[in-house]
Amino acid sequence: MAEKKIRNLNPEEIDCRVGAIMEQGISLLLYKDARVDQTILDEVFGIYGWQRRHNIIGNELYCILSIWDDEKQQWVEKEDVGIESDYQKAKGAASDSFKRACFNVGIGRELYSAPFIYIPLNKVRMDDKNGKKAVKDSFSVKSIETSTDKIITALEIINQRGEIIYTYRLNRKQVQPVREEEPQEPLSTEEIQLLYMELGRTGVSVQQILSRYGITAIQQMDQKTYKKAISALKRSKTAA
């Protein structure tokens with residue numbers, strides 16, 4: 001199959017979600033919607049050039065994404081498992097497994113290199129719901145720059161009032177590109193959120209974690225490294 005280039009995501013195709021609410025600030029996570037995956041698949045392979053199906057293996061729901069190879073006259077498949085969401089669990093797992101399978105063909109892979117996005121409380125409007133802190137603001141990506149090897153090199157995030165609340169520019173000397181032959185199973189949103197909460201509880205900085213495991217972003221963790229980090233953090237006492 002002649003190589004077809006998967007473009008990087010546009011700013012409006014990236015959503016921002018609150019990852020964790022900490023004592024002095026919040027963290028944000030970047031993610032893509034399944035509709036973005038469908039649009040890019042249509043653009044690159046045509047509406048008849050790809051298909052998806054779902055299988056249950058054990059208790060897990062998997063998505064098999066198939067792309068048609070004109071040269072070999074056969075379907076090339078990529079597969080990944082999904083995680084249930086709190087809302088409409090079956091639908092959430094189906095959507096999540098599809099998005100993960102699309103990561104495997106390169107759609108949105110640059111999100112793995114996203115930096116730790118920390119917003120201090122003086123830049124966020126907060127509310128109190130049933131005794132718990134809640135964020136009143138919404139956020140979006142104003143601009144993003146990505147290298148040819150799908151590493152985010154610059155990022156700017158604004159709130160719903162158009163105020164810039166986060167900027168980032170990567171020092172290229174710090175980049176250690178992940179080799180394509182080293183497959184990684186991405187962390188789920190829930191896993192990343194749990195990690196941020198443990199960091200906030202223990203007072204361990206993100207930079208300490210990155211340095212310890214030799215990565216440049218939390219999203220670059222594989223499952224083995226993630227389990228080591230969570231286990232170590234859970235054994236640590238609270239910063240208070």
# chains A, B, ... in the order shown; residues from 1 in each chain; ligands from 1
call {"tool": "closest_atom_pairs", "arguments": {"of": "segment 67-140 of chain A", "to": "segment 201-218 of chain A", "cutoff": "9 Å", "atoms": "only C-alpha atoms", "output": "JSON lines"}}
result
{"residue": "A:Tyr112", "atom": "CA", "partner": "A:Ala217", "partner_atom": "CA", "distance": 7.4}
{"residue": "A:Ser113", "atom": "CA", "partner": "A:Ala217", "partner_atom": "CA", "distance": 5.5}
{"residue": "A:Ala114", "atom": "CA", "partner": "A:Ala217", "partner_atom": "CA", "distance": 6.1}
{"residue": "A:Pro115", "atom": "CA", "partner": "A:Ala217", "partner_atom": "CA", "distance": 5.3}
{"residue": "A:Phe116", "atom": "CA", "partner": "A:Ala217", "partner_atom": "CA", "distance": 6.7}
call {"tool": "closest_residue", "arguments": {"among": "A:Pro120, A:Pro186, A:Gly200, A:Gly46", "to": "Phe103 of chain A", "atoms": "only C-alpha atoms"}}
result
A:Pro186
call {"tool": "atom_distance", "arguments": {"atom1": "atom CA of Ser95 of chain A", "atom2": "atom CA of Arg35 of chain A"}}
result
9.6 Å
call {"tool": "residues_around", "arguments": {"residues": "segment 154-171 of chain A", "least_positions_apart": "5", "cutoff": "7 Å", "atoms": "only C-alpha atoms", "output": "PyMOL selection string"}}
result
chain A and resi 119+123+137-145
call {"tool": "residues_around", "arguments": {"residues": "Ser188 of chain A", "least_positions_apart": "3", "cutoff": "10 Å", "atoms": "only C-alpha atoms", "output": "JSON, numbers by chain"}}
result
{"A": [82, 83, 96, 100, 185, 191, 192, 193, 194, 219, 223]}
call {"tool": "select_by_dssp", "arguments": {"residues": "segment 36-201 of chain A", "states": "strand (DSSP E)", "output": "PyMOL selection string"}}
result
chain A and resi 50-57+60-69+74-81+117-120+126-129+132-135+139-146+152-159+164-169
call {"tool": "select_by_dssp", "arguments": {"residues": "segment 16-176 of chain A", "states": "alpha helix (DSSP H)", "output": "ChimeraX atom specification"}}
result
/A:34-45,89-104
call {"tool": "residues_around", "arguments": {"residues": "Cys16 of chain A", "least_positions_apart": "2", "cutoff": "7 Å", "atoms": "only C-alpha atoms", "output": "mmCIF file with C-alpha atoms, in the first residue's frame"}}
result
data_model
loop_
_atom_site.group_PDB
_atom_site.id
_atom_site.type_symbol
_atom_site.label_atom_id
_atom_site.label_comp_id
_atom_site.auth_asym_id
_atom_site.auth_seq_id
_atom_site.Cartn_x
_atom_site.Cartn_y
_atom_site.Cartn_z
ATOM 1 C CA ILE A 14 -8.561 19.089 19.930
ATOM 2 C CA VAL A 18 -10.075 18.991 33.340
ATOM 3 C CA LEU A 28 -5.943 19.865 31.672
ATOM 4 C CA LEU A 29 -5.878 16.899 29.311
ATOM 5 C CA LEU A 30 -5.992 17.047 25.516
ATOM 6 C CA TYR A 31 -8.100 14.554 23.591
ATOM 7 C CA PHE A 139 -11.066 25.728 27.538
ATOM 8 C CA SER A 140 -9.940 25.302 23.945
#
call {"tool": "closest_atom_pairs", "arguments": {"of": "segment 75-114 of chain A", "to": "segment 47-66 of chain A", "cutoff": "6 Å", "atoms": "only C-alpha atoms", "output": "tab-separated table"}}
result
residue	atom	partner	partner_atom	distance
A:Trp75	CA	A:Ser66	CA	5.7
A:Val76	CA	A:Ser66	CA	5.4
A:Glu77	CA	A:Ser66	CA	4.3
A:Lys78	CA	A:Leu65	CA	5.1
A:Glu79	CA	A:Ile64	CA	4.4
A:Asp80	CA	A:Tyr62	CA	5.5
A:Val81	CA	A:Tyr62	CA	4.2
A:Gly82	CA	A:Leu61	CA	5.8
A:Ser97	CA	A:Cys63	CA	5.2
A:Phe98	CA	A:Cys63	CA	5.4
